[in-house]
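J.: Below: one structure in structure tokens.
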Amino acid sequence: ASARLRLIGEASISAVEQAYTELPPVALDSIAVTQVGSWRVVVAVVIAAGERGGEQTAVGSALARGDDGEAAVKAVLNALNRRLARTPD
């Protein structure tokens, strides 16, 4: 299941990179399903090239309500949204 989630997460990043060509390179560091209380949650960690050669890390999450793949997309987009919110125009 984790290989499937990784493929879905990487495809999500690829789609965003195609839409936002001015973004610095972004990579999926890790993605996993975990249990938080009674909820299944997908957590994604993305890393992007930062200023002066550094890295910026963002974490996103989404509830897995029956479809871990859909939750994986939402978790990656949630992490990227945090990243995009910090990108200067």
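Residue numbering restarts at 1 in every chain; chains get A, B, ... in the order shown in the structure tokens, and ligands count up from 1 in that same order.
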Which residues, written as a ChimeraX atom specification, have at least one atom at most 10 Å from Ala75 (chain A), with only C-alpha atoms counted and residues fewer than 3 positions away on the same chain left out?
T.: /A:9,12,31-32,41-45,59-64,69-72,78-81
J.: For the residues selected in the previous step, produce a file with N, CA, C and O atoms as a short mmCIF file (atom, residue, chain, number, x, y, z; two decimals), in the first residue's frame.
T.:
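selection.cif was written with the following content:
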```cif
data_model
loop_
_atom_site.label_atom_id
_atom_site.label_comp_id
_atom_site.auth_asym_id
_atom_site.auth_seq_id
_atom_site.Cartn_x
_atom_site.Cartn_y
_atom_site.Cartn_z
N GLY A 9 1.29 10.19 -4.54
CA GLY A 9 1.85 11.45 -4.04
C GLY A 9 2.78 12.11 -5.04
O GLY A 9 2.72 13.32 -5.28
N SER A 12 0.84 13.59 -7.87
CA SER A 12 0.21 14.84 -7.44
C SER A 12 1.19 16.00 -7.52
O SER A 12 0.85 17.08 -8.00
N ILE A 31 5.33 9.52 2.84
CA ILE A 31 3.87 9.53 2.94
C ILE A 31 3.47 8.25 3.65
O ILE A 31 4.05 7.19 3.41
N ALA A 32 2.51 8.36 4.56
CA ALA A 32 2.12 7.20 5.36
C ALA A 32 0.70 7.36 5.87
O ALA A 32 0.19 8.47 6.00
N VAL A 41 -5.46 8.60 9.13
CA VAL A 41 -4.97 9.85 8.58
C VAL A 41 -3.78 9.57 7.67
O VAL A 41 -2.90 8.80 8.02
N VAL A 42 -3.78 10.21 6.49
CA VAL A 42 -2.61 10.15 5.61
C VAL A 42 -1.79 11.40 5.88
O VAL A 42 -2.33 12.52 5.89
N VAL A 43 -0.51 11.21 6.10
CA VAL A 43 0.41 12.32 6.36
C VAL A 43 1.47 12.32 5.26
O VAL A 43 2.06 11.27 4.97
N ALA A 44 1.71 13.49 4.66
CA ALA A 44 2.71 13.63 3.60
C ALA A 44 3.72 14.68 4.00
O ALA A 44 3.35 15.74 4.53
N VAL A 45 4.98 14.40 3.74
CA VAL A 45 6.06 15.36 3.99
C VAL A 45 6.69 15.69 2.64
O VAL A 45 7.13 14.78 1.91
N VAL A 59 4.47 19.76 5.91
CA VAL A 59 3.72 18.55 6.23
C VAL A 59 2.25 18.82 5.95
O VAL A 59 1.72 19.88 6.30
N GLY A 60 1.60 17.86 5.31
CA GLY A 60 0.17 17.96 5.07
C GLY A 60 -0.52 16.68 5.52
O GLY A 60 0.11 15.63 5.61
N SER A 61 -1.80 16.79 5.79
CA SER A 61 -2.54 15.62 6.23
C SER A 61 -3.96 15.66 5.69
O SER A 61 -4.47 16.71 5.32
N ALA A 62 -4.58 14.49 5.67
CA ALA A 62 -5.98 14.38 5.26
C ALA A 62 -6.57 13.12 5.88
O ALA A 62 -5.88 12.11 6.04
N LEU A 63 -7.83 13.20 6.23
CA LEU A 63 -8.52 12.03 6.76
C LEU A 63 -8.72 11.02 5.64
O LEU A 63 -9.10 11.39 4.52
N ALA A 64 -8.48 9.76 5.94
CA ALA A 64 -8.70 8.68 4.98
C ALA A 64 -10.08 8.11 5.25
O ALA A 64 -10.27 7.34 6.17
N GLY A 69 -5.99 6.52 -1.40
CA GLY A 69 -5.42 7.23 -2.55
C GLY A 69 -5.91 8.67 -2.61
O GLY A 69 -5.12 9.59 -2.81
N GLU A 70 -7.19 8.87 -2.45
CA GLU A 70 -7.74 10.23 -2.46
C GLU A 70 -7.19 11.03 -1.30
O GLU A 70 -6.83 12.21 -1.45
N ALA A 71 -7.08 10.40 -0.15
CA ALA A 71 -6.51 11.09 1.02
C ALA A 71 -5.04 11.43 0.79
O ALA A 71 -4.57 12.48 1.24
N ALA A 72 -4.32 10.58 0.06
CA ALA A 72 -2.91 10.86 -0.25
C ALA A 72 -2.79 12.11 -1.10
O ALA A 72 -1.95 12.97 -0.85
N ASN A 78 -2.29 19.52 0.61
CA ASN A 78 -2.28 20.29 1.85
C ASN A 78 -0.87 20.74 2.18
O ASN A 78 -0.63 21.90 2.55
N ALA A 79 0.11 19.85 2.02
CA ALA A 79 1.51 20.22 2.27
C ALA A 79 1.98 21.25 1.26
O ALA A 79 2.65 22.23 1.63
N LEU A 80 1.64 21.06 -0.01
CA LEU A 80 2.06 22.01 -1.04
C LEU A 80 1.39 23.36 -0.84
O LEU A 80 2.00 24.40 -1.10
N ASN A 81 0.16 23.36 -0.38
CA ASN A 81 -0.52 24.61 -0.11
C ASN A 81 0.21 25.41 0.96
O ASN A 81 0.36 26.63 0.86
#
```
J.: Would you list, as an MDAnalysis selection string, the residues of chain A that end up in helix (DSSP H, G or I) under DSSP run on this structure's backbone?
T.: chainID A and resid 2:19 51:53 68:85
J.: Write to file, as a tab-separated table (two decimals), in the first residue's frame, the residues of the selection just made, with N, CA and C atoms.
T.:
```tsv
chain	number	residue	atom	x	y	z
A	2	SER	N	2.02	1.22	0.68
A	2	SER	CA	2.84	2.43	0.76
A	2	SER	C	3.45	2.79	-0.60
A	3	ALA	N	3.77	1.78	-1.42
A	3	ALA	CA	4.29	2.09	-2.76
A	3	ALA	C	3.21	2.77	-3.60
A	4	ARG	N	1.97	2.32	-3.45
A	4	ARG	CA	0.85	2.95	-4.17
A	4	ARG	C	0.69	4.40	-3.72
A	5	LEU	N	0.74	4.64	-2.42
A	5	LEU	CA	0.60	6.01	-1.91
A	5	LEU	C	1.73	6.90	-2.41
A	6	ARG	N	2.95	6.36	-2.44
A	6	ARG	CA	4.09	7.13	-2.93
A	6	ARG	C	3.89	7.51	-4.40
A	7	LEU	N	3.45	6.56	-5.22
A	7	LEU	CA	3.20	6.86	-6.63
A	7	LEU	C	2.12	7.93	-6.79
A	8	ILE	N	1.07	7.81	-6.01
A	8	ILE	CA	-0.01	8.81	-6.07
A	8	ILE	C	0.51	10.17	-5.61
A	9	GLY	N	1.29	10.19	-4.54
A	9	GLY	CA	1.85	11.45	-4.04
A	9	GLY	C	2.78	12.11	-5.04
A	10	GLU	N	3.64	11.30	-5.67
A	10	GLU	CA	4.57	11.85	-6.66
A	10	GLU	C	3.82	12.35	-7.90
A	11	ALA	N	2.76	11.65	-8.29
A	11	ALA	CA	1.95	12.11	-9.43
A	11	ALA	C	1.26	13.43	-9.09
A	12	SER	N	0.84	13.59	-7.87
A	12	SER	CA	0.21	14.84	-7.44
A	12	SER	C	1.19	16.00	-7.52
A	13	ILE	N	2.41	15.76	-7.06
A	13	ILE	CA	3.44	16.80	-7.14
A	13	ILE	C	3.74	17.14	-8.59
A	14	SER	N	3.85	16.14	-9.42
A	14	SER	CA	4.13	16.37	-10.84
A	14	SER	C	3.05	17.22	-11.48
A	15	ALA	N	1.81	16.95	-11.17
A	15	ALA	CA	0.70	17.74	-11.73
A	15	ALA	C	0.78	19.20	-11.29
A	16	VAL	N	1.10	19.42	-10.02
A	16	VAL	CA	1.21	20.80	-9.52
A	16	VAL	C	2.40	21.50	-10.17
A	17	GLU	N	3.51	20.79	-10.33
A	17	GLU	CA	4.69	21.39	-10.95
A	17	GLU	C	4.41	21.78	-12.41
A	18	GLN	N	3.60	21.00	-13.10
A	18	GLN	CA	3.24	21.34	-14.48
A	18	GLN	C	2.35	22.59	-14.53
A	19	ALA	N	1.50	22.75	-13.54
A	19	ALA	CA	0.61	23.91	-13.49
A	19	ALA	C	1.33	25.17	-13.01
A	51	GLU	N	15.67	29.20	-0.34
A	51	GLU	CA	16.59	30.28	-0.71
A	51	GLU	C	18.01	29.93	-0.28
A	52	ARG	N	18.98	30.39	-1.04
A	52	ARG	CA	20.40	30.21	-0.75
A	52	ARG	C	20.78	28.75	-0.55
A	53	GLY	N	20.18	27.86	-1.35
A	53	GLY	CA	20.56	26.46	-1.31
A	53	GLY	C	19.97	25.64	-0.18
A	68	ASP	N	-7.66	5.58	0.62
A	68	ASP	CA	-6.35	6.11	0.99
A	68	ASP	C	-5.71	6.90	-0.15
A	69	GLY	N	-5.99	6.52	-1.40
A	69	GLY	CA	-5.42	7.23	-2.55
A	69	GLY	C	-5.91	8.67	-2.61
A	70	GLU	N	-7.19	8.87	-2.45
A	70	GLU	CA	-7.74	10.23	-2.46
A	70	GLU	C	-7.19	11.03	-1.30
A	71	ALA	N	-7.08	10.40	-0.15
A	71	ALA	CA	-6.51	11.09	1.02
A	71	ALA	C	-5.04	11.43	0.79
A	72	ALA	N	-4.32	10.58	0.06
A	72	ALA	CA	-2.91	10.86	-0.25
A	72	ALA	C	-2.79	12.11	-1.10
A	73	VAL	N	-3.65	12.23	-2.12
A	73	VAL	CA	-3.65	13.44	-2.96
A	73	VAL	C	-3.94	14.66	-2.09
A	74	LYS	N	-4.94	14.57	-1.26
A	74	LYS	CA	-5.31	15.71	-0.41
A	74	LYS	C	-4.20	16.07	0.57
A	75	ALA	N	-3.52	15.07	1.11
A	75	ALA	CA	-2.43	15.34	2.06
A	75	ALA	C	-1.26	16.03	1.35
A	76	VAL	N	-0.91	15.58	0.15
A	76	VAL	CA	0.17	16.23	-0.61
A	76	VAL	C	-0.23	17.65	-0.97
A	77	LEU	N	-1.45	17.84	-1.43
A	77	LEU	CA	-1.91	19.19	-1.77
A	77	LEU	C	-1.94	20.09	-0.54
A	78	ASN	N	-2.29	19.52	0.61
A	78	ASN	CA	-2.28	20.29	1.85
A	78	ASN	C	-0.87	20.74	2.18
A	79	ALA	N	0.11	19.85	2.02
A	79	ALA	CA	1.51	20.22	2.27
A	79	ALA	C	1.98	21.25	1.26
A	80	LEU	N	1.64	21.06	-0.01
A	80	LEU	CA	2.06	22.01	-1.04
A	80	LEU	C	1.39	23.36	-0.84
A	81	ASN	N	0.16	23.36	-0.38
A	81	ASN	CA	-0.52	24.61	-0.11
A	81	ASN	C	0.21	25.41	0.96
A	82	ARG	N	0.70	24.74	1.96
A	82	ARG	CA	1.50	25.42	3.00
A	82	ARG	C	2.78	25.98	2.38
A	83	ARG	N	3.37	25.21	1.47
A	83	ARG	CA	4.58	25.64	0.77
A	83	ARG	C	4.29	26.81	-0.15
A	84	LEU	N	3.21	26.73	-0.94
A	84	LEU	CA	2.86	27.80	-1.88
A	84	LEU	C	2.50	29.08	-1.17
A	85	ALA	N	1.91	28.96	0.01
A	85	ALA	CA	1.53	30.14	0.77
A	85	ALA	C	2.75	30.95	1.20
```
J.: DSSP on the backbone: which residues in chain A end up as strand (DSSP E or B)? Give the answer as number ranges by chain.
T.: A: 26-36, 39-49, 55-63
J.: Can you tell me which residues surround Ile47 (chain A) at a distance of at most 7 Å, considering only C-alpha atoms, apart from same-chain residues fewer than 2 positions away, and format the answer as a ChimeraX atom specification?
T.: /A:26-29,45,49,55-58
J.: Quick check, in Å to one decimal: how far apart do CA of Gly66 (chain A) and CA of Val33 (chain A) lie?
T.: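 Distance between the two atoms: 12.0 Å.
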J.: Just how far from CA of Pro24 (chain A) is CA of Ala48 (chain A), in Å to one decimal?
T.: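 Atom-to-atom, CA of Ala48 (chain A) and CA of Pro24 (chain A) are spaced 6.5 Å apart.
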